[in-house]
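Visitor: start_38.txt (compact mmCIF, C-alpha atoms and all ligand atoms) pasted underneath:
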# COMPACT_ATOMS: atom_id res chain seq x y z
CA MET A 1 17.46 5.84 -17.99
CA ALA A 2 16.46 4.23 -14.72
CA GLU A 3 15.96 0.50 -14.50
CA PHE A 4 13.73 -1.28 -12.01
CA ASN A 5 13.60 -4.81 -10.65
CA VAL A 6 9.99 -5.81 -11.18
CA ALA A 7 8.77 -8.94 -9.40
CA GLU A 8 5.46 -9.08 -11.24
CA THR A 9 2.96 -7.05 -13.23
CA PHE A 10 -0.65 -8.10 -13.51
CA VAL A 11 -4.12 -6.74 -14.01
CA SER A 12 -6.65 -7.53 -11.30
CA ILE A 13 -9.26 -5.80 -9.25
CA ASN A 14 -7.69 -3.78 -6.51
CA GLY A 15 -8.43 -5.75 -3.37
CA GLU A 16 -7.70 -2.87 -1.00
CA GLY A 17 -8.23 0.80 -0.29
CA VAL A 18 -10.42 3.51 -1.77
CA LEU A 19 -10.23 1.94 -5.24
CA ALA A 20 -11.13 -1.57 -4.02
CA GLY A 21 -13.17 -3.39 -6.62
CA GLN A 22 -11.83 -1.38 -9.56
CA LEU A 23 -9.48 -2.78 -12.14
CA SER A 24 -5.88 -1.84 -11.66
CA VAL A 25 -2.58 -2.74 -13.24
CA PHE A 26 -0.14 -3.73 -10.51
CA VAL A 27 3.59 -3.21 -10.68
CA ARG A 28 5.40 -4.95 -7.82
CA PHE A 29 9.01 -3.91 -7.22
CA THR A 30 11.46 -6.13 -5.35
CA GLY A 31 13.21 -5.07 -2.15
CA CYS A 32 12.00 -3.78 1.20
CA ASN A 33 13.76 -2.07 4.09
CA LEU A 34 11.30 -3.54 6.65
CA ARG A 35 10.39 -7.09 7.63
CA CYS A 36 6.86 -6.99 9.00
CA SER A 37 5.94 -10.12 10.98
CA PHE A 38 2.84 -10.66 8.81
CA CYS A 39 4.17 -9.72 5.37
CA ASP A 40 2.36 -11.60 2.61
CA THR A 41 4.96 -10.72 -0.03
CA MET A 42 8.11 -11.82 1.80
CA TRP A 43 9.12 -13.54 -1.45
CA ALA A 44 9.66 -10.12 -3.06
CA ASN A 45 11.46 -8.44 -0.18
CA ASP A 46 15.07 -9.04 -1.19
CA ALA A 47 16.22 -6.51 -3.79
CA ASP A 48 17.52 -9.39 -5.95
CA ALA A 49 14.46 -11.65 -5.52
CA PRO A 50 13.35 -13.16 -8.86
CA HIS A 51 12.55 -10.25 -11.15
CA THR A 52 12.49 -8.84 -14.64
CA THR A 53 14.53 -5.69 -15.25
CA MET A 54 12.38 -2.97 -16.82
CA THR A 55 13.20 0.58 -17.84
CA THR A 56 10.93 3.53 -17.10
CA GLU A 57 9.78 3.39 -20.73
CA GLU A 58 9.06 -0.33 -20.58
CA ILE A 59 6.96 0.04 -17.44
CA CYS A 60 5.00 2.95 -18.94
CA GLU A 61 4.44 0.98 -22.14
CA ALA A 62 3.37 -2.20 -20.29
CA VAL A 63 0.90 -0.13 -18.23
CA ARG A 64 -0.38 1.79 -21.27
CA LYS A 65 -0.94 -1.40 -23.28
CA THR A 66 -3.37 -2.76 -20.68
CA GLY A 67 -5.75 0.18 -21.23
CA VAL A 68 -6.39 0.15 -17.45
CA HIS A 69 -6.54 3.63 -15.92
CA ASN A 70 -5.51 2.74 -12.35
CA VAL A 71 -1.95 1.67 -11.69
CA THR A 72 -0.87 0.40 -8.26
CA LEU A 73 2.83 0.59 -7.46
CA THR A 74 3.67 -1.83 -4.68
CA GLY A 75 6.29 -4.27 -3.53
CA GLY A 76 8.35 -4.74 -1.52
CA GLU A 77 8.70 -1.02 -0.96
CA PRO A 78 8.24 0.94 -4.20
CA LEU A 79 9.58 4.26 -2.91
CA LEU A 80 13.04 2.84 -2.24
CA ARG A 81 13.71 2.48 -5.94
CA ALA A 82 16.04 5.01 -7.56
CA GLY A 83 14.27 6.72 -10.46
CA MET A 84 10.82 6.44 -8.88
CA ALA A 85 10.11 10.20 -9.10
CA GLU A 86 10.94 10.10 -12.82
CA LEU A 87 8.68 7.07 -13.30
CA LEU A 88 5.85 8.94 -11.57
CA HIS A 89 6.36 11.93 -13.87
CA ARG A 90 6.30 9.72 -16.94
CA LEU A 91 3.27 7.63 -15.89
CA THR A 92 1.21 10.74 -15.21
CA GLU A 93 2.00 12.33 -18.59
CA ASN A 94 -0.94 10.21 -19.75
CA PRO A 95 -3.92 12.24 -18.46
CA ALA A 96 -6.03 9.09 -18.10
CA GLN A 97 -3.61 7.42 -15.70
CA ARG A 98 -4.22 7.41 -11.96
CA VAL A 99 -1.36 6.18 -9.80
CA GLU A 100 -1.71 4.69 -6.35
CA ILE A 101 1.41 4.03 -4.29
CA GLU A 102 1.42 1.48 -1.48
CA THR A 103 4.15 2.60 0.90
CA ASN A 104 5.29 1.31 4.27
CA GLY A 105 5.37 4.46 6.39
CA SER A 106 9.14 4.59 6.81
CA ILE A 107 10.03 6.55 3.67
CA ASP A 108 10.02 10.36 3.44
CA LEU A 109 7.21 11.24 0.99
CA THR A 110 8.49 14.77 0.30
CA PRO A 111 10.22 13.98 -3.04
CA PHE A 112 7.05 12.35 -4.38
CA THR A 113 4.39 14.87 -3.38
CA GLY A 114 3.54 17.66 -5.80
CA ILE A 115 4.39 15.61 -8.90
CA SER A 116 0.76 15.20 -10.01
CA SER A 117 -2.73 15.31 -8.57
CA ALA A 118 -3.23 11.93 -10.27
CA ILE A 119 -1.00 10.32 -7.63
CA SER A 120 -2.31 9.10 -4.30
CA PHE A 121 -0.51 7.46 -1.41
CA THR A 122 -1.70 4.64 0.77
CA MET A 123 0.68 4.90 3.66
CA ASP A 124 0.73 2.07 6.16
CA TYR A 125 1.34 2.90 9.77
CA LYS A 126 2.99 -0.26 11.08
CA LEU A 127 1.48 -1.23 14.44
CA PRO A 128 3.31 -2.96 17.33
CA GLY A 129 2.42 -6.47 16.11
CA SER A 130 4.36 -5.86 12.89
CA GLY A 131 7.56 -5.38 14.91
CA MET A 132 8.32 -2.33 12.73
CA GLU A 133 6.65 0.57 14.52
CA SER A 134 9.94 2.23 15.47
CA HIS A 135 10.57 2.88 11.74
CA MET A 136 7.41 4.96 11.25
CA ARG A 137 7.84 8.51 9.98
CA THR A 138 4.98 10.41 11.54
CA GLU A 139 6.25 13.58 9.76
CA ASN A 140 4.67 12.10 6.62
CA PHE A 141 1.16 12.66 8.01
CA ALA A 142 1.48 16.42 7.40
CA LEU A 143 2.13 15.73 3.70
CA LEU A 144 -1.04 13.73 3.12
CA THR A 145 -4.21 15.18 1.59
CA GLU A 146 -7.80 14.07 1.06
CA ARG A 147 -6.61 12.00 -1.92
CA ASP A 148 -4.45 9.86 0.34
CA THR A 149 -4.99 7.10 2.89
CA VAL A 150 -3.41 5.99 6.12
CA LYS A 151 -3.90 2.26 6.59
CA PHE A 152 -3.50 0.34 9.85
CA VAL A 153 -3.11 -3.42 9.52
CA ALA A 154 -4.06 -4.75 12.94
CA GLY A 155 -3.43 -8.21 14.33
CA SER A 156 -4.64 -7.78 17.90
CA ARG A 157 -6.67 -5.65 20.26
CA ALA A 158 -3.43 -3.93 21.32
CA ASP A 159 -2.78 -2.99 17.69
CA LEU A 160 -6.29 -1.52 17.39
CA GLU A 161 -5.81 0.54 20.54
CA ARG A 162 -2.51 1.90 19.20
CA ALA A 163 -4.13 2.70 15.84
CA LEU A 164 -6.82 4.71 17.60
CA GLU A 165 -4.21 6.60 19.60
CA ILE A 166 -2.35 7.55 16.40
CA ILE A 167 -5.56 8.51 14.57
CA GLN A 168 -6.55 10.82 17.43
CA THR A 169 -3.09 12.28 18.06
CA TYR A 170 -2.65 13.30 14.42
CA ASP A 171 -6.35 14.00 13.74
CA LEU A 172 -6.06 11.74 10.71
CA THR A 173 -9.76 11.53 9.84
CA HIS A 174 -9.74 15.27 9.06
CA ARG A 175 -6.71 14.94 6.82
CA CYS A 176 -7.14 11.82 4.66
CA HIS A 177 -8.91 8.48 4.35
CA VAL A 178 -8.34 6.17 7.29
CA TYR A 179 -8.55 2.39 6.86
CA LEU A 180 -8.37 -0.48 9.30
CA SER A 181 -7.57 -3.93 7.96
CA PRO A 182 -7.07 -7.26 9.70
CA VAL A 183 -3.75 -9.06 9.43
CA PHE A 184 -5.05 -11.94 7.36
CA GLY A 185 -5.84 -14.92 9.59
CA ARG A 186 -4.45 -13.31 12.77
CA ILE A 187 -7.57 -11.50 13.98
CA GLN A 188 -11.24 -12.01 13.15
CA PRO A 189 -12.74 -9.10 11.19
CA VAL A 190 -15.64 -9.05 13.66
CA GLU A 191 -13.21 -7.97 16.41
CA ILE A 192 -12.44 -4.86 14.36
CA VAL A 193 -16.13 -4.12 13.84
CA GLU A 194 -16.74 -4.52 17.57
CA PHE A 195 -13.86 -2.17 18.33
CA MET A 196 -15.34 0.39 15.94
CA GLN A 197 -18.77 0.05 17.59
CA GLU A 198 -17.34 0.31 21.08
CA HIS A 199 -15.42 3.52 20.27
CA VAL A 200 -17.98 4.93 17.81
CA LEU A 201 -15.33 5.29 15.13
CA ASN A 202 -16.80 7.62 12.53
CA ASP A 203 -15.00 8.30 9.23
CA ILE A 204 -12.91 5.14 9.45
CA THR A 205 -13.33 2.32 6.95
CA MET A 206 -12.71 -1.34 7.67
CA GLN A 207 -11.49 -3.28 4.68
CA LEU A 208 -10.90 -6.93 3.95
CA GLN A 209 -8.33 -7.91 1.32
CA MET A 210 -10.82 -8.88 -1.38
CA HIS A 211 -8.28 -10.76 -3.47
CA LYS A 212 -7.66 -13.18 -0.59
CA ILE A 213 -11.39 -13.98 -0.51
CA ILE A 214 -11.78 -14.32 -4.29
CA TRP A 215 -8.60 -16.35 -4.87
CA ASP A 216 -6.40 -18.64 -2.83
CA PRO A 217 -4.82 -16.28 -0.25
CA ASP A 218 -1.32 -17.43 -1.26
CA GLN A 219 -1.84 -17.05 -5.00
CA ARG A 220 0.46 -14.57 -6.71
CA GLY A 221 -0.47 -12.33 -9.60
CA VAL A 222 -4.04 -11.62 -8.47
C1 LIG B 301 2.97 -6.10 0.82
S1 LIG B 301 2.77 -4.40 1.18
C2 LIG B 301 3.75 -3.58 -0.06
C3 LIG B 301 3.76 -2.08 0.07
C4 LIG B 301 4.52 -1.51 1.26
N1 LIG B 301 5.72 -2.21 1.55
C5 LIG B 301 3.63 -1.49 2.49
O1 LIG B 301 3.90 -2.19 3.47
O2 LIG B 301 2.64 -0.75 2.45
C6 LIG B 301 1.11 -4.01 0.62
C7 LIG B 301 0.05 -3.99 1.69
O3 LIG B 301 -0.22 -5.32 2.11
C8 LIG B 301 -0.42 -5.30 3.50
N2 LIG B 301 -0.21 -6.64 4.04
C9 LIG B 301 0.92 -7.38 3.95
N3 LIG B 301 0.77 -8.57 4.54
C10 LIG B 301 -0.50 -8.60 5.02
C11 LIG B 301 -1.27 -9.56 5.74
N4 LIG B 301 -0.75 -10.74 6.10
N5 LIG B 301 -2.54 -9.25 6.05
C12 LIG B 301 -3.07 -8.04 5.72
N6 LIG B 301 -2.40 -7.08 5.03
C13 LIG B 301 -1.13 -7.37 4.69
C14 LIG B 301 0.60 -4.29 3.97
O4 LIG B 301 0.34 -3.87 5.29
C15 LIG B 301 0.43 -3.21 2.94
O5 LIG B 301 -0.65 -2.37 3.28
N1 LIG B 302 -5.73 -7.64 -5.99
C1 LIG B 302 -4.78 -7.08 -5.25
N2 LIG B 302 -5.01 -5.85 -4.72
C2 LIG B 302 -4.01 -5.28 -4.01
N3 LIG B 302 -4.01 -4.04 -3.46
C3 LIG B 302 -2.80 -3.83 -2.89
C4 LIG B 302 -2.00 -4.95 -3.09
C5 LIG B 302 -0.58 -5.00 -2.68
O1 LIG B 302 0.01 -6.07 -2.57
O2 LIG B 302 -0.01 -3.92 -2.44
C6 LIG B 302 -2.77 -5.88 -3.80
C7 LIG B 302 -2.56 -7.19 -4.33
O3 LIG B 302 -1.53 -7.85 -4.16
N4 LIG B 302 -3.59 -7.72 -5.06
S1 LIG B 303 6.85 -2.97 4.57
FE1 LIG B 303 5.36 -3.93 3.17
S2 LIG B 303 6.58 -5.27 1.84
FE2 LIG B 303 7.91 -4.61 3.52
S3 LIG B 303 7.77 -6.28 4.98
FE3 LIG B 303 6.20 -4.81 5.57
S4 LIG B 303 4.32 -5.39 4.51
FE4 LIG B 303 6.03 -6.49 3.56
MG MG B 304 -0.78 -7.69 -1.52
So that I can check it, write out the structure of this file as structure tokens.
Ligand SMILES: C[S@@+](CC[C@H](N)C(=O)[O-])C[C@H]1O[C@@H](n2cnc3c(N)ncnc32)[C@H](O)[C@@H]1O
Ligand SMILES: Nc1nc2[nH]cc(C(=O)O)c2c(=O)[nH]1
Ligand code: SF4
Ligand SMILES: [Mg+2]

Guide:
Amino acid sequence: MAEFNVAETFVSINGEGVLAGQLSVFVRFTGCNLRCSFCDTMWANDADAPHTTMTTEEICEAVRKTGVHNVTLTGGEPLLRAGMAELLHRLTENPAQRVEIETNGSIDLTPFTGISSAISFTMDYKLPGSGMESHMRTENFALLTERDTVKFVAGSRADLERALEIIQTYDLTHRCHVYLSPVFGRIQPVEIVEFMQEHVLNDITMQLQMHKIIWDPDQRGV
């Protein structure tokens, strides 16, 4: 049975995305193939960063015990982990469970689509300020549905302009949810609102990371 390096599990409100404000049980896996300039979980990005080893069964049981219906798989990059498709199958055997996957835009989503309609993807498109745009797999856009989200984390006006270009090129607002979020502390949220007003951006949602407002922005496990 597959084993996973789990940096932390915790129950909190989801601070981001379409389920923001709802309780979720978070499972954060260690290891990431990217190094975004702004990453707020750099401490989990080495595959052997401090972790607990958990089997598929142990993760499912830990999630089930919380009684929380939403589970957020994040990291690091969750979709790099061997055995992830099996974990998704097992988690969604419980008909009450809804699974949200935070993924970095560089991983082929094909093996993970079609497992269950209870799974949704929040796929980041890494903008120029992240330093990681060359790794983006735009082929993934065609795999996304109305359950899923493309998120752009913008740190500058140039990032916002690039996000708009991508949204228009791939007609993303007709395919899935589209979110804009500030890189925490690097751009004022009002600049994003002004950009949305200026370009009359319908069907795009600006989000703030609620957990960084409620708790100390550097606090883990929230
Ligand atoms: C830490 S990542 C883990 C999942 C996956 N590796 C990814 O990048 O989507 C989770 C989310 O946090 C966002 N994020 C990381 N650092 C951030 C920061 N400083 N400000 C705003 N969002 C940030 C990422 O863009 C991503 O949407
Ligand atoms: N409360 C809370 N909500 C979140 N939504 C996505 C998160 C992540 O790190 O992927 C996250 C997180 O770290 N904390
Ligand atoms: S892809 Fe996600 S976890 Fe990896 S460095 Fe970027 S924000 Fe951090
Ligand atoms: Mg986070």

Visitor: Using all atoms listed in the file, which protein or nucleic acid residues come within 10 Å of Asn94 in chain A? Drop anything in the same chain fewer than 3 positions from it, and give the result as an MDAnalysis selection string.

Guide: chainID A and resid 60 64 69 89:91 97:98 118

Visitor: Return as a list in words every polymer residue, whether protein, DNA or RNA, with at least one atom no more than 9 Å from an atom of ligand MG 304 (chain B); count all atoms listed in the file.

Guide: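 Those within range of ligand MG 304 (chain B) are Gly15, Glu16, Cys39, Asp40, Thr41, Thr74, Gly75, Gln209, His211, Lys212, Arg220 and Val222 of chain A.
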
Visitor: Save out the residues we just selected, C-alpha atoms, as a compact mmCIF listing (two decimals), in the coordinates of the input.

Guide:
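What follows is the written file again00.txt:
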# COMPACT_ATOMS: atom_id res chain seq x y z
CA GLY A 15 -8.43 -5.75 -3.37
CA GLU A 16 -7.70 -2.87 -1.00
CA CYS A 39 4.17 -9.72 5.37
CA ASP A 40 2.36 -11.60 2.61
CA THR A 41 4.96 -10.72 -0.03
CA THR A 74 3.67 -1.83 -4.68
CA GLY A 75 6.29 -4.27 -3.53
CA GLN A 209 -8.33 -7.91 1.32
CA HIS A 211 -8.28 -10.76 -3.47
CA LYS A 212 -7.66 -13.18 -0.59
CA ARG A 220 0.46 -14.57 -6.71
CA VAL A 222 -4.04 -11.62 -8.47

Visitor: Counting all atoms listed in the file, which of A:Ala20, A:Val68, A:Ala96, A:Met54 gets nearest to ligand LIG 302 (chain B)?

Guide: A:Ala20

Visitor: List as a PyMOL selection string the protein and nucleic acid residues near Phe10 in chain A, meaning an atom at most 6 Å away when all atoms listed in the file are counted, but skip any in the same chain fewer than 3 places from it.

Guide: chain A and resi 25-26+221

Visitor: Next, the residues of the selection above should be written as a PDB file, in the frame of the given file with C-alpha atoms.

Guide:
ATOM      1  CA  VAL A  25      -2.580  -2.740 -13.240  1.00  0.00           C
ATOM      2  CA  PHE A  26      -0.140  -3.730 -10.510  1.00  0.00           C
ATOM      3  CA  GLY A 221      -0.470 -12.330  -9.600  1.00  0.00           C
TER       4      GLY A 221
END

Visitor: When you look at His177 in chain A with a cut-off of 7 Å (counting all atoms listed in the file), what residues show up, excluding the ones that are within fewer than 6 positions of it in the same chain? I need them as a short mmCIF file (atom, residue, chain, number, x, y, z; two decimals) with C-alpha atoms, keeping the file's coordinate frame.

Guide:
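Heads up, here's the output in selection_22.cif:
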data_model
loop_
_atom_site.label_atom_id
_atom_site.label_comp_id
_atom_site.auth_asym_id
_atom_site.auth_seq_id
_atom_site.Cartn_x
_atom_site.Cartn_y
_atom_site.Cartn_z
CA GLU A 146 -7.80 14.07 1.06
CA ASP A 148 -4.45 9.86 0.34
CA THR A 149 -4.99 7.10 2.89
CA VAL A 150 -3.41 5.99 6.12
#

Visitor: Any residue with an atom at most 9 Å from ligand LIG 301 (chain B) counts, using all atoms listed in the file. Which are they? Put them as a ChimeraX atom specification.

Guide: /A:16-17,28-29,31-34,36-42,44-45,73-79,101-105,122-126,130,151-155,181-186,208-209

Visitor: Using only C-alpha atoms and all ligand atoms, find the one residue out of A:Glu3, A:Ala163, A:Ile13, A:Gly129 that sits nearest to ligand LIG 302 (chain B).

Guide: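 Of all the options, A:Ile13 lies closest to ligand LIG 302 (chain B).
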
Visitor: Please compute the CA of Ser12 in chain A-CA of Glu58 in chain A distance, one decimal, in Å.

Guide: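 Computed distance, CA of Ser12 in chain A to CA of Glu58 in chain A, equals 19.6 Å.
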
Visitor: If we count all atoms listed in the file and set the cut-off at 9 Å, which residues sit around range 164-173 of chain A, ignoring sequence neighbours fewer than 6 positions away in its own chain? Please answer as a ChimeraX atom specification.

Guide: /A:125,138,141-142,150,201-204

Visitor: If you keep C-alpha atoms, can you produce a file of those selected residues as a compact mmCIF listing (two decimals), keeping the file's coordinate frame?

Guide:
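Ended up saving to out-v9.txt:
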# COMPACT_ATOMS: atom_id res chain seq x y z
CA TYR A 125 1.34 2.90 9.77
CA THR A 138 4.98 10.41 11.54
CA PHE A 141 1.16 12.66 8.01
CA ALA A 142 1.48 16.42 7.40
CA VAL A 150 -3.41 5.99 6.12
CA LEU A 201 -15.33 5.29 15.13
CA ASN A 202 -16.80 7.62 12.53
CA ASP A 203 -15.00 8.30 9.23
CA ILE A 204 -12.91 5.14 9.45
